[in-house]
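Step one of this worksheet: look at the structure below.
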Amino acid sequence: MRRPAPLPTAPEGKGQKDAAPEGETRPRRRERAEAESAVVEIEPGTTSVEPGVEGPQPTSTGDVWRAARARRKALRAEIRRFTQRSRRRRIIRLGSIGAVLLLIGGSVAAAYSPLFAVEKITVAGTTTLDPAVIETALADQIGTPLALVDTSEVKAALLAFPLIETYALEAKPPHDLTVRIVERTPVGVIRSDAGYTLVDAAGVALATTSDQPAGQPIIEVEGGVDSKAFESAGLVVRALPAGIRSALTGVSASTVDDVTLTLSTGLTVVWGSAEDSGLKAIALASAMNANLWATSIDVTSPKVAVVG
């Protein structure tokens, strides 16, 4: 048998040719629309193509550079806006540091300037020494800025006064310098061929005179001022109450444990060592008040005073 001839096809119309295929879905149509409306970045020296326009469109180099400059300007503005607070804190911190440094530098400069030069020297704490004599010895410091007072020169000047045990300098701006002095306390005199040498508890010679100074007992110890016996005797004298100290005429010791005192009334006091000197002084005063006729009192043991 012969195969039948194929049926003729209808000619495609113009509307059917342009129509979208029936199988095309809605998402595909959306993707195509987005692709057609996409913006393409333009690089210098290239051309742009707009949808619906045939052929490339030229872009001038000036437009590109103006757009880049505007973008950089906007970027800098954003950076300044986001860093404004940190920059303000940094400025405040640097300003505070600068103010402190300026204040310190100004204070140091003023302290070392003639504005704070010494114009007056005051000596305090003296009882035996004449303050005016010490002020004259320190007159070289007049006109020196308080911060530049030479302590070595002050020390050298004060070494000429053996009665000075310690001293301290006090600067009182703008122009006053105070010298506070602690004098040595004499404990008695040591008799020798040269006369009577006044000494303190450390054995420092304070002065030498041909006559015995009033109110100063004669100290007689074995080994001289460098011995332990003298050290013990000096501690005992310094521990005496003022009433007993004013009546003291003699101190003797051969060892650290046998210090003996002699009073102007003829009373002999066996003191012993310098230990418990405070309790011994109380026991001696009590025994003297209760036994006015006594010629000797032993306070070696402060709890039991022996009266003879």
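Going by the structure tokens order, chains are called A, B, ..., each with residues numbered from 1, while ligands are numbered from 1 in the order shown.
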For this session: Once DSSP has gone over the backbone, tell me which residues of segment 28-258 of chain A are in strand (DSSP E or B), as a ChimeraX atom specification.
Result: /A:48,57,117,120-124,145,164-172,176-183,186-192,195-200,205-209,218-221,248-253
For this session: Write out as a VMD selection string all residues of segment 136-238 of chain A that backbone DSSP assigns to helix (DSSP H, G or I).
Result: chain A and resid 136 to 137 139 to 141 146 to 148 151 to 158 224 to 226 228 to 238
Problem set entry | Spatial neighbours of Leu248 of chain A, 7 Å, only C-alpha atoms, chain gap at least 4 places, as a list in words | Pro217, Ile244, Thr262, Leu263 and Ser264 of chain A
Can those selected residues be exported to a file as a PDB file, in the first residue's frame so that it contains N, CA and C atoms?
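To be explicit, this is the file written out as again21.pdb:
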```pdb
ATOM      1  N   PRO A 217      79.152  67.901 135.290  1.00  0.00           N
ATOM      2  CA  PRO A 217      79.911  67.002 136.167  1.00  0.00           C
ATOM      3  C   PRO A 217      81.223  66.561 135.526  1.00  0.00           C
ATOM      4  N   ILE A 244      67.655  65.859 139.405  1.00  0.00           N
ATOM      5  CA  ILE A 244      68.862  65.118 139.797  1.00  0.00           C
ATOM      6  C   ILE A 244      70.037  65.523 138.907  1.00  0.00           C
ATOM      7  N   THR A 262      77.730  60.991 141.704  1.00  0.00           N
ATOM      8  CA  THR A 262      77.946  61.780 142.919  1.00  0.00           C
ATOM      9  C   THR A 262      77.154  63.076 142.802  1.00  0.00           C
ATOM     10  N   LEU A 263      76.350  63.384 143.840  1.00  0.00           N
ATOM     11  CA  LEU A 263      75.534  64.592 143.830  1.00  0.00           C
ATOM     12  C   LEU A 263      76.159  65.670 144.706  1.00  0.00           C
ATOM     13  N   SER A 264      75.719  66.898 144.495  1.00  0.00           N
ATOM     14  CA  SER A 264      76.263  68.034 145.251  1.00  0.00           C
ATOM     15  C   SER A 264      75.960  67.935 146.733  1.00  0.00           C
TER      16      SER A 264
END
```
For this session: Work out how far atom CA of His175 of chain A is from atom CA of Ile134 of chain A, in Å to one decimal.
Result: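 We find that atom CA of Ile134 of chain A and atom CA of His175 of chain A lie 18.1 Å from each other.
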